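One file, data28.cif, carrying mmCIF, C-alpha atoms:
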```cif
data_structure
#
loop_
_atom_site.label_atom_id
_atom_site.label_comp_id
_atom_site.auth_asym_id
_atom_site.auth_seq_id
_atom_site.Cartn_x
_atom_site.Cartn_y
_atom_site.Cartn_z
CA MET A 186 3.33 -9.49 -27.81
CA ALA A 187 0.40 -7.14 -28.34
CA ARG A 188 -1.72 -6.22 -25.32
CA LYS A 189 -5.26 -7.59 -25.59
CA ILE A 190 -8.10 -5.09 -25.06
CA LEU A 191 -11.77 -6.03 -24.81
CA ILE A 192 -14.33 -3.35 -25.72
CA VAL A 193 -17.83 -3.94 -24.34
CA ASP A 194 -20.41 -1.45 -25.65
CA ASP A 195 -23.82 -1.83 -27.28
CA GLU A 196 -23.25 1.12 -29.65
CA PRO A 197 -21.70 -0.29 -32.87
CA ASP A 198 -20.36 3.12 -33.99
CA ILE A 199 -18.50 3.63 -30.70
CA CYS A 200 -17.12 0.10 -30.88
CA GLU A 201 -15.82 0.64 -34.41
CA ILE A 202 -14.18 3.98 -33.58
CA LEU A 203 -12.41 2.49 -30.58
CA ARG A 204 -11.45 -0.72 -32.36
CA PHE A 205 -10.04 1.09 -35.38
CA ASN A 206 -7.94 3.56 -33.39
CA LEU A 207 -6.65 1.05 -30.83
CA ASP A 208 -5.77 -1.34 -33.67
CA LEU A 209 -3.61 1.42 -35.13
CA GLU A 210 -1.79 1.67 -31.79
CA GLY A 211 -0.80 -1.99 -32.03
CA TYR A 212 -3.26 -3.47 -29.56
CA ASP A 213 -5.06 -6.78 -30.09
CA VAL A 214 -8.68 -5.56 -29.92
CA GLN A 215 -11.81 -7.66 -29.36
CA VAL A 216 -15.33 -6.18 -29.42
CA GLU A 217 -18.42 -7.42 -27.60
CA GLU A 218 -21.73 -5.60 -28.13
CA GLY A 219 -23.67 -7.78 -25.74
CA PRO A 220 -22.88 -10.24 -22.95
CA ILE A 221 -19.21 -10.49 -22.05
CA ASP A 222 -17.55 -13.65 -23.35
CA LEU A 223 -13.91 -13.62 -22.22
CA GLY A 224 -12.90 -16.95 -23.72
CA PRO A 225 -9.83 -18.93 -22.66
CA VAL A 226 -7.36 -16.04 -23.14
CA LEU A 227 -8.15 -13.17 -20.76
CA PRO A 228 -7.78 -9.55 -21.91
CA ASP A 229 -5.17 -7.24 -20.42
CA LEU A 230 -7.78 -4.49 -20.07
CA ILE A 231 -11.55 -4.01 -20.51
CA LEU A 232 -13.18 -0.82 -21.85
CA LEU A 233 -16.69 -1.11 -20.44
CA ASP A 234 -19.85 0.91 -21.15
CA VAL A 235 -22.30 1.38 -18.28
CA MET A 236 -25.75 1.91 -19.83
CA MET A 237 -26.34 -1.49 -21.41
CA THR A 238 -29.19 -3.98 -21.27
CA PRO A 239 -30.14 -6.40 -19.87
CA LYS A 240 -27.13 -6.03 -17.58
CA SER A 241 -25.38 -2.72 -16.89
CA GLY A 242 -21.63 -2.17 -16.96
CA PHE A 243 -21.68 -1.69 -13.19
CA GLU A 244 -23.26 -5.14 -12.82
CA TRP A 245 -20.70 -6.68 -15.18
CA ALA A 246 -17.87 -5.04 -13.22
CA THR A 247 -19.24 -6.42 -9.95
CA GLU A 248 -19.26 -9.94 -11.40
CA LEU A 249 -15.77 -9.60 -12.89
CA LYS A 250 -14.26 -8.30 -9.65
CA SER A 251 -15.90 -11.04 -7.58
CA ASP A 252 -14.47 -13.81 -9.78
CA GLN A 253 -10.91 -14.80 -8.80
CA ARG A 254 -10.08 -15.55 -12.46
CA THR A 255 -10.98 -12.03 -13.66
CA ALA A 256 -10.63 -9.86 -10.54
CA SER A 257 -7.23 -8.47 -11.51
CA ILE A 258 -8.20 -7.38 -15.04
CA PRO A 259 -8.09 -3.55 -15.22
CA ILE A 260 -11.42 -1.92 -16.14
CA ILE A 261 -11.98 1.51 -17.66
CA PHE A 262 -15.59 2.65 -17.74
CA CYS A 263 -16.38 4.58 -20.93
CA THR A 264 -19.86 6.02 -20.54
CA ALA A 265 -22.27 8.92 -20.87
CA LYS A 266 -23.07 8.73 -17.14
CA THR A 267 -21.15 11.82 -16.06
CA LEU A 268 -22.48 12.68 -12.59
CA GLU A 269 -19.89 12.58 -9.84
CA ASP A 270 -21.96 9.98 -7.96
CA ASP A 271 -21.73 7.73 -11.03
CA ILE A 272 -17.97 8.25 -11.28
CA LEU A 273 -17.49 7.50 -7.58
CA GLN A 274 -19.62 4.38 -7.93
CA GLY A 275 -17.44 3.26 -10.83
CA PHE A 276 -14.28 3.63 -8.78
CA SER A 277 -15.88 1.98 -5.75
CA LEU A 278 -16.51 -1.10 -7.92
CA GLY A 279 -12.78 -1.38 -8.55
CA SER A 280 -12.43 0.35 -11.91
CA ASP A 281 -9.04 1.80 -12.82
CA ASP A 282 -10.35 4.82 -14.71
CA TYR A 283 -13.57 6.47 -15.87
CA ILE A 284 -13.93 8.20 -19.24
CA CYS A 285 -16.98 10.34 -19.95
CA LYS A 286 -18.63 10.37 -23.38
CA PRO A 287 -18.27 12.16 -25.70
CA PHE A 288 -14.55 11.48 -25.54
CA ARG A 289 -11.49 12.39 -27.57
CA ILE A 290 -9.77 9.34 -28.98
CA SER A 291 -6.39 10.79 -27.96
CA GLU A 292 -7.65 10.85 -24.37
CA VAL A 293 -8.77 7.21 -24.55
CA LYS A 294 -5.41 6.09 -25.94
CA ALA A 295 -3.51 7.98 -23.24
CA ARG A 296 -5.62 6.54 -20.45
CA VAL A 297 -5.43 3.00 -21.81
CA GLN A 298 -1.65 3.26 -21.87
CA ALA A 299 -1.54 4.75 -18.36
CA VAL A 300 -3.79 2.05 -16.86
CA LEU A 301 -1.83 -0.76 -18.51
CA ARG A 302 1.37 0.75 -17.19
CA ARG A 303 0.03 1.15 -13.65
CA SER A 304 -1.35 -2.38 -13.62
CA GLY A 305 2.06 -3.81 -14.45
CA VAL A 306 1.02 -5.04 -17.88
CA GLY A 307 2.99 -2.29 -19.58
CA GLY A 308 2.07 0.39 -22.06
CA LEU A 309 2.64 0.57 -25.77
CA LEU A 310 5.75 -1.03 -27.19
CA SER A 311 8.44 1.30 -28.48
CA SER A 312 10.28 0.77 -31.73
CA THR A 313 12.88 -1.24 -29.79
CA ASN A 314 10.16 -3.39 -28.14
CA GLU A 315 10.88 -1.94 -24.71
CA VAL A 316 7.96 -1.09 -22.48
CA CYS A 317 7.45 2.66 -22.01
CA ASN A 318 7.34 3.26 -18.25
CA THR A 319 7.66 7.01 -18.06
CA LEU A 320 5.30 9.97 -18.08
CA ARG A 321 6.59 13.17 -19.62
CA PHE A 322 5.53 16.79 -19.81
CA ASP A 323 8.14 19.00 -21.46
CA THR A 324 11.20 18.46 -19.19
CA VAL A 325 9.16 16.91 -16.35
CA MET A 326 9.68 13.13 -16.33
CA LEU A 327 8.15 10.57 -13.97
CA ASN A 328 9.78 7.14 -13.94
CA LEU A 329 6.97 4.77 -12.95
CA ASP A 330 9.37 1.90 -12.24
CA SER A 331 11.75 3.67 -9.87
CA LYS A 332 9.05 6.15 -8.67
CA GLU A 333 11.37 9.08 -9.33
CA CYS A 334 10.54 12.53 -10.68
CA PHE A 335 12.99 14.63 -12.70
CA VAL A 336 12.62 18.29 -13.64
CA ASP A 337 15.13 19.69 -16.13
CA GLY A 338 17.17 16.54 -15.54
CA GLN A 339 17.36 17.08 -11.78
CA SER A 340 15.90 14.49 -9.39
CA ILE A 341 13.15 15.99 -7.23
CA PRO A 342 12.18 14.21 -3.97
CA PHE A 343 8.47 13.39 -3.80
CA THR A 344 6.57 11.48 -1.14
CA LYS A 345 4.57 8.44 -2.30
CA ILE A 346 1.29 10.37 -2.11
CA GLU A 347 2.72 13.40 -3.97
CA PHE A 348 4.14 11.15 -6.71
CA GLU A 349 0.85 9.27 -7.15
CA ILE A 350 -1.18 12.49 -7.35
CA LEU A 351 1.18 13.98 -9.94
CA ALA A 352 1.21 10.76 -11.98
CA LEU A 353 -2.60 10.67 -11.95
CA LEU A 354 -2.92 14.27 -13.14
CA ILE A 355 -0.15 14.16 -15.77
CA SER A 356 -1.39 10.88 -17.25
CA ASN A 357 -4.87 12.45 -17.56
CA ARG A 358 -3.93 15.95 -18.72
CA GLY A 359 -6.92 18.19 -19.34
CA GLN A 360 -9.26 16.30 -16.99
CA VAL A 361 -10.50 17.78 -13.73
CA PHE A 362 -10.31 15.49 -10.70
CA SER A 363 -12.36 16.34 -7.62
CA ARG A 364 -10.82 15.98 -4.18
CA ASP A 365 -13.04 12.96 -3.48
CA ILE A 366 -11.82 11.15 -6.59
CA ILE A 367 -8.17 11.99 -5.87
CA LEU A 368 -8.62 10.62 -2.35
CA GLN A 369 -10.20 7.44 -3.69
CA ARG A 370 -7.56 6.93 -6.38
CA VAL A 371 -4.43 7.71 -4.36
CA TRP A 372 -4.96 6.98 -0.66
CA PRO A 373 -5.27 3.41 0.69
CA GLN A 374 -8.78 2.10 1.21
CA ASN A 375 -10.40 2.62 4.61
CA THR A 376 -8.03 5.51 5.34
CA ILE A 377 -9.70 8.55 6.92
CA VAL A 378 -8.34 11.66 5.21
CA LEU A 379 -9.70 15.22 5.13
CA ASP A 380 -10.24 17.03 1.82
CA ARG A 381 -7.79 19.65 3.07
CA THR A 382 -5.04 17.02 2.92
CA VAL A 383 -5.36 16.97 -0.88
CA ASP A 384 -4.91 20.77 -1.00
CA VAL A 385 -1.78 20.56 1.15
CA ASN A 386 -0.22 17.93 -1.09
CA ILE A 387 -1.11 19.89 -4.23
CA ALA A 388 0.62 22.96 -2.77
CA ARG A 389 3.77 20.91 -2.09
CA ILE A 390 3.75 19.44 -5.60
CA ARG A 391 3.43 22.91 -7.16
CA LYS A 392 6.39 24.16 -5.15
CA LYS A 393 8.57 21.18 -6.07
CA LEU A 394 7.72 21.50 -9.77
CA GLY A 395 9.11 25.04 -9.82
CA ARG A 396 8.37 26.75 -13.14
CA TYR A 397 5.97 23.93 -14.04
CA GLY A 398 3.87 24.41 -10.91
CA SER A 399 1.55 26.81 -12.73
CA HIS A 400 0.34 23.95 -14.94
CA LEU A 401 -1.30 22.32 -11.91
CA LYS A 402 -4.43 24.43 -11.65
CA SER A 403 -7.42 24.49 -9.33
CA LYS A 404 -10.95 24.71 -10.71
CA VAL A 405 -13.05 26.33 -8.00
CA GLY A 406 -15.90 24.07 -7.00
CA TYR A 407 -14.57 21.17 -9.11
CA GLY A 408 -11.03 20.12 -8.20
CA TYR A 409 -7.61 20.02 -9.85
CA ILE A 410 -6.33 19.72 -13.39
CA PHE A 411 -2.92 19.55 -15.09
CA ASN A 412 -2.73 21.18 -18.51
#
```
Please rewrite the model in this file as structure tokens.
Amino acid sequence: MARKILIVDDEPDICEILRFNLDLEGYDVQVEEGPIDLGPVLPDLILLDVMMTPKSGFEWATELKSDQRTASIPIIFCTAKTLEDDILQGFSLGSDDYICKPFRISEVKARVQAVLRRSGVGGLLSSTNEVCNTLRFDTVMLNLDSKECFVDGQSIPFTKIEFEILALLISNRGQVFSRDIILQRVWPQNTIVLDRTVDVNIARIRKKLGRYGSHLKSKVGYGYIFN
């Protein structure tokens, strides 16, 4: 059964681009250019713009997350609000990802699949109708069900935090994540952790990845990226 995605954006061109490309991926896509009307069948994921009137995407997200019926629906903000404070606000409201406009459609598709997989809904269906639950980069493979990492076919022991950081970066290749955002995405809420803790875990991940460690790069003043 196709995963249902709701796109909420007041820009018709953006809606059409997203709808067309996600349709091609086999998703059941619904578009709303104004107030959100979920109907009796809830979506598996919502792509939500922020700068809308009369109610912003942040306000819509607050309402959705406060309603028991819709609180568990994954939300990806897709917006031109690109300041780090905006991104942190998006995550603090319970969003599962944050995509900055202008975006590449390949990036949107990859993040949609990753969020669906993490939320337990599952990613795209393969030709044999089995849910794809792995992340791959060359011979690096992360099994998201068993939480195992393999490099060149060899199982590599990762802690929970190391695995979650690597999964976040590989599933969003080419995107820089600041230390603050990594902390918010990976560590449990209300946990007091120093920024330096992220650096220590990144160093361990690089070492365990061996020849692939060089793909995990630091951007001075910004954060970390896998490419």
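Atom to atom, CA of Val385 (chain A) and CA of Gln298 (chain A) stand 28.8 Å apart.
As for CA of Gln215 (chain A) and CA of Phe288 (chain A), they are spaced 19.7 Å apart.
The smallest atom-to-atom distance between Gly338 (chain A) and any of A:Arg321, A:Gly211, A:Leu233, A:Arg391, using all atoms listed in the file, is found for A:Arg321.
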**Report entry** Within 9 Å of region 397-406 of chain A using all atoms listed in the file, minus same-chain residues under 3 positions, as a list in words
**Finding:** Val325, Val336, Leu351, Leu354, Val361, Ser363, Ile387, Ala388, Ile390, Arg391, Lys392, Lys393, Leu394, Tyr409, Ile410, Phe411 and Asn412 of chain A
Query raised in the report: Do you know which residues are at most 8 Å from region 269-285 of chain A counting all atoms listed in the file, after dropping those on the same chain fewer than 2 positions away, and could you put them as a VMD selection string?
Result: chain A and resid 243 246 to 247 250 259 to 267 287 to 288 293 296 300 366 369 to 370
Report task. Tell me which of A:Ile367, A:Ile346, A:Met326, A:Leu191 sits closest to Leu207 (chain A), counting only C-alpha atoms. Result -> A:Leu191
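All residues that come within 12 Å of the coordinates (8.1, 13.6, -18.9), counting only C-alpha atoms, are given as Cys317, Asn318, Thr319, Leu320, Arg321, Phe322, Asp323, Thr324, Val325, Met326, Leu327, Asn328, Leu329, Glu333, Cys334, Phe335, Val336, Asp337, Gly338, Leu351, Ala352, Ile355, Ser356 and Tyr397 of chain A.
Using only C-alpha atoms, the protein and nucleic acid residues lying no more than 12 Å from Glu218 (chain A), apart from those fewer than 2 places from it along its own chain, are Leu191, Ile192, Val193, Asp194, Asp195, Glu196, Pro197, Asp198, Ile199, Cys200, Glu201, Gln215, Val216, Pro220, Ile221, Asp222, Leu232, Leu233, Asp234, Met236, Met237, Thr238, Pro239, Lys240 and Gly242 of chain A.
Atom to atom, CA of Gln339 (chain A) and CA of Arg396 (chain A) stand 13.3 Å apart.
Among the candidates A:Leu209, A:Gln253, A:Lys345, A:Ser304, the residue lying nearest to Pro373 (chain A) is A:Lys345 (atoms considered: only C-alpha atoms).
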Requested in this report: May I have the residues within 8 Å of Pro228 (chain A) as a PyMOL selection string, using only C-alpha atoms and disregarding those fewer than 5 positions away in the same chain?
Outcome: chain A and resi 188-191+223+258
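The residue that comes closest to Asp229 (chain A), out of A:Leu268, A:Ile290, A:Leu249, A:Leu301 and on the basis of all atoms listed in the file, is A:Leu301.
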Query raised in the report: If we count only C-alpha atoms, what is near Trp372 (chain A) at a cut-off of 12 Å, once residues fewer than 4 positions away on the same chain are taken out, given as a PyMOL selection string?
Result: chain A and resi 345-350+364-368+376-380+382-383+386
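Counting all atoms listed in the file and comparing A:Leu227, A:Ser340, A:Phe362, A:Asn357, the residue that lies closest to Lys294 (chain A) is A:Asn357.
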Rebuild region 256-272 of chain A so that it carries N, CA and C atoms, then output the result as a JSON list (two decimals), keeping the file's coordinate frame.
```json
[["chain", "number", "residue", "atom", "x", "y", "z"],
["A", 256, "ALA", "N", -10.64, -10.99, -11.47],
["A", 256, "ALA", "CA", -10.63, -9.86, -10.54],
["A", 256, "ALA", "C", -9.50, -8.87, -10.80],
["A", 257, "SER", "N", -8.39, -9.35, -11.33],
["A", 257, "SER", "CA", -7.23, -8.47, -11.51],
["A", 257, "SER", "C", -7.20, -7.78, -12.86],
["A", 258, "ILE", "N", -8.19, -8.04, -13.73],
["A", 258, "ILE", "CA", -8.20, -7.38, -15.04],
["A", 258, "ILE", "C", -8.58, -5.92, -14.87],
["A", 259, "PRO", "N", -7.75, -4.97, -15.33],
["A", 259, "PRO", "CA", -8.09, -3.55, -15.22],
["A", 259, "PRO", "C", -9.35, -3.23, -16.03],
["A", 260, "ILE", "N", -10.19, -2.36, -15.48],
["A", 260, "ILE", "CA", -11.42, -1.92, -16.14],
["A", 260, "ILE", "C", -11.42, -0.41, -16.26],
["A", 261, "ILE", "N", -11.74, 0.09, -17.45],
["A", 261, "ILE", "CA", -11.98, 1.51, -17.66],
["A", 261, "ILE", "C", -13.43, 1.66, -18.10],
["A", 262, "PHE", "N", -14.24, 2.35, -17.30],
["A", 262, "PHE", "CA", -15.59, 2.65, -17.74],
["A", 262, "PHE", "C", -15.54, 3.76, -18.79],
["A", 263, "CYS", "N", -16.31, 3.59, -19.85],
["A", 263, "CYS", "CA", -16.38, 4.58, -20.93],
["A", 263, "CYS", "C", -17.86, 4.82, -21.18],
["A", 264, "THR", "N", -18.41, 5.90, -20.64],
["A", 264, "THR", "CA", -19.86, 6.02, -20.54],
["A", 264, "THR", "C", -20.35, 7.46, -20.57],
["A", 265, "ALA", "N", -21.63, 7.60, -20.86],
["A", 265, "ALA", "CA", -22.27, 8.92, -20.87],
["A", 265, "ALA", "C", -22.79, 9.30, -19.48],
["A", 266, "LYS", "N", -22.65, 8.41, -18.51],
["A", 266, "LYS", "CA", -23.07, 8.73, -17.14],
["A", 266, "LYS", "C", -21.96, 9.58, -16.50],
["A", 267, "THR", "N", -22.22, 10.89, -16.40],
["A", 267, "THR", "CA", -21.15, 11.82, -16.06],
["A", 267, "THR", "C", -21.29, 12.47, -14.68],
["A", 268, "LEU", "N", -22.34, 12.11, -13.92],
["A", 268, "LEU", "CA", -22.48, 12.68, -12.59],
["A", 268, "LEU", "C", -21.38, 12.17, -11.67],
["A", 269, "GLU", "N", -20.98, 12.99, -10.73],
["A", 269, "GLU", "CA", -19.89, 12.58, -9.84],
["A", 269, "GLU", "C", -20.26, 11.34, -9.04],
["A", 270, "ASP", "N", -21.53, 11.19, -8.67],
["A", 270, "ASP", "CA", -21.96, 9.98, -7.96],
["A", 270, "ASP", "C", -21.72, 8.73, -8.81],
["A", 271, "ASP", "N", -21.97, 8.85, -10.14],
["A", 271, "ASP", "CA", -21.73, 7.73, -11.03],
["A", 271, "ASP", "C", -20.24, 7.40, -11.09],
["A", 272, "ILE", "N", -19.42, 8.45, -11.19],
["A", 272, "ILE", "CA", -17.97, 8.25, -11.28],
["A", 272, "ILE", "C", -17.45, 7.60, -10.01]]
```
